[in-house]
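Peer 1: Input file: target15.cif. Contents: mmCIF, N, CA and C atoms and all ligand atoms.
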data_start
#
loop_
_atom_site.group_PDB
_atom_site.id
_atom_site.type_symbol
_atom_site.label_atom_id
_atom_site.label_comp_id
_atom_site.auth_asym_id
_atom_site.auth_seq_id
_atom_site.Cartn_x
_atom_site.Cartn_y
_atom_site.Cartn_z
ATOM 1 N N MET A 206 54.597 -77.052 77.935
ATOM 2 C CA MET A 206 54.116 -78.409 77.604
ATOM 3 C C MET A 206 53.421 -79.032 78.810
ATOM 4 N N LYS A 207 52.253 -79.524 78.559
ATOM 5 C CA LYS A 207 51.511 -80.187 79.625
ATOM 6 C C LYS A 207 51.993 -81.631 79.754
ATOM 7 N N PRO A 208 52.103 -82.118 80.976
ATOM 8 C CA PRO A 208 52.485 -83.531 81.142
ATOM 9 C C PRO A 208 51.373 -84.428 80.638
ATOM 10 N N PRO A 209 51.719 -85.652 80.231
ATOM 11 C CA PRO A 209 50.685 -86.559 79.727
ATOM 12 C C PRO A 209 49.684 -86.892 80.822
ATOM 13 N N VAL A 210 48.441 -87.020 80.421
ATOM 14 C CA VAL A 210 47.382 -87.360 81.368
ATOM 15 C C VAL A 210 47.492 -88.839 81.724
ATOM 16 N N PRO A 211 47.535 -89.140 83.019
ATOM 17 C CA PRO A 211 47.668 -90.548 83.424
ATOM 18 C C PRO A 211 46.369 -91.329 83.265
ATOM 19 N N ILE A 212 46.148 -91.799 82.057
ATOM 20 C CA ILE A 212 44.940 -92.569 81.802
ATOM 21 C C ILE A 212 45.247 -94.048 81.986
ATOM 22 N N ARG A 213 44.500 -94.674 82.866
ATOM 23 C CA ARG A 213 44.731 -96.098 83.140
ATOM 24 C C ARG A 213 43.498 -96.914 82.773
ATOM 25 N N LEU A 214 43.765 -98.184 82.549
ATOM 26 C CA LEU A 214 42.677 -99.118 82.255
ATOM 27 C C LEU A 214 41.685 -99.131 83.417
ATOM 28 N N GLY A 215 40.426 -99.044 83.110
ATOM 29 C CA GLY A 215 39.405 -99.101 84.150
ATOM 30 C C GLY A 215 38.992 -97.736 84.667
ATOM 31 N N ASP A 216 39.745 -96.686 84.287
ATOM 32 C CA ASP A 216 39.370 -95.331 84.691
ATOM 33 C C ASP A 216 38.034 -94.944 84.068
ATOM 34 N N VAL A 217 37.298 -94.125 84.778
ATOM 35 C CA VAL A 217 36.082 -93.560 84.206
ATOM 36 C C VAL A 217 36.351 -92.083 83.970
ATOM 37 N N VAL A 218 36.224 -91.676 82.702
ATOM 38 C CA VAL A 218 36.531 -90.293 82.350
ATOM 39 C C VAL A 218 35.279 -89.557 81.887
ATOM 40 N N ARG A 219 35.318 -88.244 82.081
ATOM 41 C CA ARG A 219 34.233 -87.402 81.622
ATOM 42 C C ARG A 219 34.782 -86.527 80.493
ATOM 43 N N LEU A 220 34.081 -86.487 79.369
ATOM 44 C CA LEU A 220 34.536 -85.715 78.220
ATOM 45 C C LEU A 220 33.684 -84.468 78.033
ATOM 46 N N LYS A 221 34.275 -83.474 77.350
ATOM 47 C CA LYS A 221 33.566 -82.218 77.100
ATOM 48 C C LYS A 221 32.341 -82.459 76.243
ATOM 49 N N LYS A 222 32.521 -83.389 75.293
ATOM 50 C CA LYS A 222 31.424 -83.666 74.373
ATOM 51 C C LYS A 222 30.641 -84.879 74.846
ATOM 52 N N LYS A 223 29.356 -84.719 74.984
ATOM 53 C CA LYS A 223 28.519 -85.841 75.412
ATOM 54 C C LYS A 223 28.265 -86.795 74.251
ATOM 55 N N HIS A 224 28.036 -88.043 74.596
ATOM 56 C CA HIS A 224 27.642 -89.018 73.588
ATOM 57 C C HIS A 224 26.208 -88.702 73.167
ATOM 58 N N PRO A 225 25.848 -88.994 71.912
ATOM 59 C CA PRO A 225 24.466 -88.735 71.461
ATOM 60 C C PRO A 225 23.404 -89.370 72.371
ATOM 61 N N CYS A 226 23.754 -90.414 73.095
ATOM 62 C CA CYS A 226 22.784 -91.070 73.980
ATOM 63 C C CYS A 226 22.572 -90.269 75.261
ATOM 64 N N GLY A 227 23.389 -89.240 75.455
ATOM 65 C CA GLY A 227 23.237 -88.412 76.648
ATOM 66 C C GLY A 227 24.250 -88.722 77.724
ATOM 67 N N GLY A 228 24.997 -89.803 77.540
ATOM 68 C CA GLY A 228 25.987 -90.191 78.545
ATOM 69 C C GLY A 228 27.255 -89.357 78.438
ATOM 70 N N GLU A 229 27.861 -89.074 79.559
ATOM 71 C CA GLU A 229 29.126 -88.332 79.529
ATOM 72 C C GLU A 229 30.226 -89.061 80.287
ATOM 73 N N HIS A 230 29.937 -90.232 80.793
ATOM 74 C CA HIS A 230 30.962 -91.011 81.474
ATOM 75 C C HIS A 230 31.405 -92.166 80.589
ATOM 76 N N TRP A 231 32.720 -92.306 80.485
ATOM 77 C CA TRP A 231 33.308 -93.336 79.631
ATOM 78 C C TRP A 231 34.291 -94.163 80.435
ATOM 79 N N GLU A 232 34.278 -95.452 80.218
ATOM 80 C CA GLU A 232 35.210 -96.335 80.894
ATOM 81 C C GLU A 232 36.351 -96.675 79.942
ATOM 82 N N VAL A 233 37.575 -96.584 80.439
ATOM 83 C CA VAL A 233 38.740 -96.884 79.600
ATOM 84 C C VAL A 233 38.908 -98.395 79.493
ATOM 85 N N THR A 234 38.869 -98.895 78.251
ATOM 86 C CA THR A 234 38.959 -100.335 78.033
ATOM 87 C C THR A 234 40.273 -100.725 77.364
ATOM 88 N N ARG A 235 41.040 -99.731 76.917
ATOM 89 C CA ARG A 235 42.281 -100.003 76.216
ATOM 90 C C ARG A 235 43.150 -98.755 76.265
ATOM 91 N N THR A 236 44.452 -98.905 76.490
ATOM 92 C CA THR A 236 45.343 -97.751 76.466
ATOM 93 C C THR A 236 46.444 -97.970 75.446
ATOM 94 N N GLY A 237 47.143 -96.904 75.108
ATOM 95 C CA GLY A 237 48.179 -96.956 74.091
ATOM 96 C C GLY A 237 48.140 -95.661 73.308
ATOM 97 N N ALA A 238 48.578 -95.699 72.053
ATOM 98 C CA ALA A 238 48.513 -94.508 71.208
ATOM 99 C C ALA A 238 47.056 -94.138 70.952
ATOM 100 N N ASP A 239 46.223 -95.153 70.852
ATOM 101 C CA ASP A 239 44.780 -94.949 70.778
ATOM 102 C C ASP A 239 44.171 -95.449 72.082
ATOM 103 N N ILE A 240 43.188 -94.713 72.558
ATOM 104 C CA ILE A 240 42.521 -95.097 73.801
ATOM 105 C C ILE A 240 41.146 -95.660 73.464
ATOM 106 N N GLY A 241 40.850 -96.812 74.001
ATOM 107 C CA GLY A 241 39.528 -97.394 73.816
ATOM 108 C C GLY A 241 38.653 -97.007 74.984
ATOM 109 N N ILE A 242 37.504 -96.432 74.693
ATOM 110 C CA ILE A 242 36.587 -96.064 75.760
ATOM 111 C C ILE A 242 35.208 -96.630 75.473
ATOM 112 N N LYS A 243 34.479 -96.866 76.548
ATOM 113 C CA LYS A 243 33.152 -97.444 76.435
ATOM 114 C C LYS A 243 32.164 -96.538 77.160
ATOM 115 N N CYS A 244 31.096 -96.185 76.449
ATOM 116 C CA CYS A 244 30.065 -95.346 77.044
ATOM 117 C C CYS A 244 29.378 -96.126 78.163
ATOM 118 N N ARG A 245 29.329 -95.515 79.352
ATOM 119 C CA ARG A 245 28.740 -96.221 80.491
ATOM 120 C C ARG A 245 27.214 -96.188 80.453
ATOM 121 N N THR A 246 26.680 -95.370 79.565
ATOM 122 C CA THR A 246 25.224 -95.277 79.486
ATOM 123 C C THR A 246 24.646 -96.281 78.489
ATOM 124 N N CYS A 247 25.238 -96.333 77.280
ATOM 125 C CA CYS A 247 24.691 -97.229 76.263
ATOM 126 C C CYS A 247 25.627 -98.388 75.930
ATOM 127 N N GLY A 248 26.860 -98.357 76.444
ATOM 128 C CA GLY A 248 27.771 -99.470 76.248
ATOM 129 C C GLY A 248 28.529 -99.463 74.942
ATOM 130 N N ARG A 249 28.389 -98.395 74.154
ATOM 131 C CA ARG A 249 29.073 -98.329 72.872
ATOM 132 C C ARG A 249 30.583 -98.105 73.062
ATOM 133 N N ARG A 250 31.373 -98.828 72.277
ATOM 134 C CA ARG A 250 32.823 -98.697 72.366
ATOM 135 C C ARG A 250 33.344 -97.798 71.256
ATOM 136 N N VAL A 251 34.317 -96.958 71.612
ATOM 137 C CA VAL A 251 34.909 -96.033 70.659
ATOM 138 C C VAL A 251 36.421 -96.063 70.836
ATOM 139 N N LEU A 252 37.145 -95.967 69.700
ATOM 140 C CA LEU A 252 38.604 -95.882 69.742
ATOM 141 C C LEU A 252 38.978 -94.457 69.342
ATOM 142 N N ILE A 253 39.763 -93.804 70.176
ATOM 143 C CA ILE A 253 40.058 -92.398 69.939
ATOM 144 C C ILE A 253 41.546 -92.148 70.179
ATOM 145 N N PRO A 254 42.216 -91.380 69.269
ATOM 146 C CA PRO A 254 43.643 -91.106 69.480
ATOM 147 C C PRO A 254 43.863 -90.412 70.828
ATOM 148 N N ARG A 255 44.932 -90.791 71.500
ATOM 149 C CA ARG A 255 45.207 -90.269 72.840
ATOM 150 C C ARG A 255 45.222 -88.739 72.883
ATOM 151 N N THR A 256 45.846 -88.104 71.879
ATOM 152 C CA THR A 256 45.932 -86.645 71.866
ATOM 153 C C THR A 256 44.548 -86.003 71.809
ATOM 154 N N GLN A 257 43.667 -86.644 71.038
ATOM 155 C CA GLN A 257 42.308 -86.118 70.911
ATOM 156 C C GLN A 257 41.540 -86.295 72.222
ATOM 157 N N LEU A 258 41.727 -87.428 72.854
ATOM 158 C CA LEU A 258 41.057 -87.684 74.128
ATOM 159 C C LEU A 258 41.515 -86.676 75.185
ATOM 160 N N GLU A 259 42.822 -86.381 75.207
ATOM 161 C CA GLU A 259 43.339 -85.451 76.199
ATOM 162 C C GLU A 259 42.742 -84.068 76.003
ATOM 163 N N ARG A 260 42.507 -83.694 74.744
ATOM 164 C CA ARG A 260 41.898 -82.390 74.473
ATOM 165 C C ARG A 260 40.446 -82.355 74.937
ATOM 166 N N GLN A 261 39.769 -83.495 74.815
ATOM 167 C CA GLN A 261 38.345 -83.542 75.151
ATOM 168 C C GLN A 261 38.090 -83.880 76.610
ATOM 169 N N LEU A 262 39.143 -84.230 77.320
ATOM 170 C CA LEU A 262 38.980 -84.695 78.687
ATOM 171 C C LEU A 262 38.569 -83.565 79.632
ATOM 172 N N LYS A 263 37.532 -83.803 80.381
ATOM 173 C CA LYS A 263 37.065 -82.835 81.362
ATOM 174 C C LYS A 263 37.610 -83.231 82.732
ATOM 175 N N GLU A 264 37.438 -84.496 83.072
ATOM 176 C CA GLU A 264 37.986 -84.982 84.336
ATOM 177 C C GLU A 264 38.021 -86.501 84.348
ATOM 178 N N ILE A 265 38.894 -87.014 85.217
ATOM 179 C CA ILE A 265 38.876 -88.451 85.465
ATOM 180 C C ILE A 265 38.000 -88.633 86.699
ATOM 181 N N ALA A 266 36.841 -89.222 86.480
ATOM 182 C CA ALA A 266 35.820 -89.288 87.527
ATOM 183 C C ALA A 266 36.117 -90.366 88.563
ATOM 184 N N ALA A 267 36.741 -91.438 88.139
ATOM 185 C CA ALA A 267 37.024 -92.531 89.060
ATOM 186 C C ALA A 267 38.148 -93.385 88.528
ATOM 187 N N GLY A 268 38.918 -93.961 89.431
ATOM 188 C CA GLY A 268 39.987 -94.857 89.020
ATOM 189 C C GLY A 268 39.532 -96.287 89.136
ATOM 190 N N PRO A 269 40.411 -97.232 88.778
ATOM 191 C CA PRO A 269 40.044 -98.641 88.882
ATOM 192 C C PRO A 269 39.699 -98.991 90.327
ATOM 193 N N GLY A 270 38.672 -99.790 90.490
ATOM 194 C CA GLY A 270 38.280 -100.187 91.835
ATOM 195 C C GLY A 270 37.208 -99.286 92.413
ATOM 196 N N GLN A 271 37.085 -98.094 91.855
ATOM 197 C CA GLN A 271 36.053 -97.186 92.338
ATOM 198 C C GLN A 271 34.825 -97.249 91.446
ATOM 199 N N VAL A 272 34.953 -98.041 90.402
ATOM 200 C CA VAL A 272 33.867 -98.131 89.437
ATOM 201 C C VAL A 272 32.728 -98.989 89.994
ATOM 202 N N GLN A 273 31.542 -98.434 89.925
ATOM 203 C CA GLN A 273 30.387 -99.200 90.361
ATOM 204 C C GLN A 273 29.809 -99.939 89.176
ATOM 205 N N SER A 274 29.503 -101.192 89.371
ATOM 206 C CA SER A 274 28.910 -101.968 88.275
ATOM 207 C C SER A 274 27.409 -101.756 88.237
ATOM 208 N N GLY A 275 26.866 -101.871 87.041
ATOM 209 C CA GLY A 275 25.434 -101.706 86.898
ATOM 210 C C GLY A 275 25.115 -100.380 86.468
HETATM 211 ZN ZN ZN B 301 26.298 -93.650 74.844
#
Taking this structure as input, can you express it in the form of structure tokens?
Peer 2:
Amino acid sequence: MKPPVPIRLGDVVRLKKKHPCGGEHWEVTRTGADIGIKCRTCGRRVLIPRTQLERQLKEIAAGPGQVQSG
């Protein structure tokens, strides 16, 4: 059993599957059983079950405070 992935609010994650807009970085906007993520390229918000996100997760690119605005 793999330990749960420590996903925190404000984290920027990279997923295996790219968004249709071409973006692959997502900002975590909500945590819980479902994780809310926002595409950093087009700003679209998506709600995804935590288990599904963990399967699609490639890496956590940045934690809170390391996120660059703009
Ligand atoms: Zn996008």
Peer 1: DSSP on the backbone: what in chain A comes out helix (DSSP H, G or I), as a list of chain:residue names?
Peer 2: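 Of chain A, only A:Arg255, A:Thr256, A:Gln257, A:Leu258, A:Glu259, A:Arg260, A:Gln261 fall in helix (DSSP H, G or I).
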Peer 1: Might you pull out every residue within 9 Å of Ile253 in chain A, with only C-alpha atoms counted and same-chain residues fewer than 4 positions away left off, and present them as a list in words?
Peer 2: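 In the requested form, the answer reads Ala238, Asp239, Ile240, Gly241, Ile242, Gln257 and Leu258 of chain A.
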Peer 1: Could you state the separation of CA of His224 in chain A and CA of Pro209 in chain A in Å, given to one decimal place?
Peer 2: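 Taking CA of His224 in chain A and CA of Pro209 in chain A, their separation equals 24.0 Å.
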Peer 1: Quote the spacing between atom C of Arg249 in chain A and CA of Gln261 in chain A in Å to one decimal place.
Peer 2: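 We find that atom C of Arg249 in chain A and CA of Gln261 in chain A lie 16.6 Å from each other.
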Peer 1: Pick from A:Val217, A:Val233, A:Cys226, A:Val210: nearest to Glu259 in chain A, with only N, CA and C atoms counted?
Peer 2: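 Ranked by minimum distance to Glu259 in chain A, first place goes to A:Val210.
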Peer 1: Could you give me the axis-aligned bounding box of range 239-257 of chain A, with 4 Å of padding per side, as centre plus edge lengths in Å to one decimal, as AutoDock Vina command-line options?
Peer 2:
--center_x 35.4 --center_y -92.7 --center_z 74.9 --size_x 29.6 --size_y 21.5 --size_z 19.2
Peer 1: For the interface of chain A with ligand ZN 301 (chain B) (cut-off 7 Å, counting all atoms listed in the file), please tabulate each contacting residue of chain A alongside its nearest pair of atoms and their separation in Å to one decimal, rows sorted by chain and increasing number, as a Markdown table.
Peer 2:
| residue | atom | partner | partner_atom | distance |
| --- | --- | --- | --- | --- |
| A:His224 | CA | B:ZN301 | ZN | 5.0 |
| A:Pro225 | N | B:ZN301 | ZN | 5.5 |
| A:Cys226 | CA | B:ZN301 | ZN | 4.4 |
| A:Gly227 | N | B:ZN301 | ZN | 5.3 |
| A:Gly228 | N | B:ZN301 | ZN | 4.9 |
| A:Glu229 | N | B:ZN301 | ZN | 6.8 |
| A:Lys243 | C | B:ZN301 | ZN | 6.9 |
| A:Cys244 | CA | B:ZN301 | ZN | 4.7 |
| A:Arg245 | N | B:ZN301 | ZN | 5.7 |
| A:Thr246 | C | B:ZN301 | ZN | 4.8 |
| A:Cys247 | N | B:ZN301 | ZN | 3.8 |
| A:Gly248 | N | B:ZN301 | ZN | 5.0 |
| A:Arg249 | N | B:ZN301 | ZN | 5.2 |
Peer 1: Can you tell me how far CA of Glu264 in chain A sits from atom N of Val218 in chain A, in Å to one decimal?
Peer 2: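 Calculated distance between CA of Glu264 in chain A and atom N of Val218 in chain A is 7.1 Å.
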